[in-house]
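Data first, discussion second: the structure below is written as structure tokens.
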Amino acid sequence: MVYVKWVFTITFWVLFVSVLHYTLPQHDVVRIVGTDVRRVDFGENSLFWAQQDTAQEGATRINRDVRFVETFYENGRPMVFRNEDTGWGWPPYFKLDSSNLQAELTDLASTKADPQWVVLRHYGWRNEFYSIYPNTVAVKPVDGPDYSAINWFNIVFLTMLAALFWAVYVRWRRFRKARIDPVLEDMEDSLYAAGDAISEKRSGVRRWLDTWKKK
């Protein structure tokens, strides 16, 4: 039973942290080399794609055109992002300006000889095997690749979340100590008392049988 509890607890926290890591915004300093629009057929990875532009609610979800952003990190490693509206769904970025953002991204494209470094704010993961791409939310030009963006939103959000969990945990402990533990202790005392009574009856029966054996 203890192992089942630990498996359930670990599984819950792994899933919870994974959802937070996927959903919360991240910042990457990159150099944009190009933008593109591709026709994408959705399959098992459809969960990791947003929705079509909010003005195209009636369009098919089997396949559609998706905007992409091709970038490079300072160390030369390539990274491809997508640029999709999130609308009013999940995650709650309320992004409705993918077309305008694509124009900004295209305008900030540069060459290796004359680089223009930018900070891309995005969420999601990159997985080449499942063709999953992080979704770009915003872009800002910076002076160089050494720029360090402080993710204030994540700091504030995680601090508030930790405070909420701590408040719930403290109140749960107080409630358990005041209401649940006394009931469990009474039940345990009742069980012990019942066990003692049964033991006494068994001892009495044994003593009565012993009297017959002596006769």
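Ordered as shown in the structure tokens, chains take letters A, B, and onward, while each chain numbers its residues from 1 and ligands are numbered from 1 in the order shown.
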Mind checking DSSP for stretch 5-159 of chain A and telling me the alpha helix (DSSP H) residues as a count of residues only? 37
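For the pair atom CA of A:Val33 and atom CA of A:Trp117, the interatomic distance is 10.4 Å.
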Option closest in space to A:Leu96, from A:Ala138, A:Ala162, A:Val118, A:Leu47 [counting only C-alpha atoms]: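 Ranking A:Ala138, A:Ala162, A:Val118, A:Leu47 by distance to A:Leu96, first place goes to A:Ala138.
Coordinates place atom CA of A:Gly124 at a distance of 14.5 Å from atom CA of A:Phe16.
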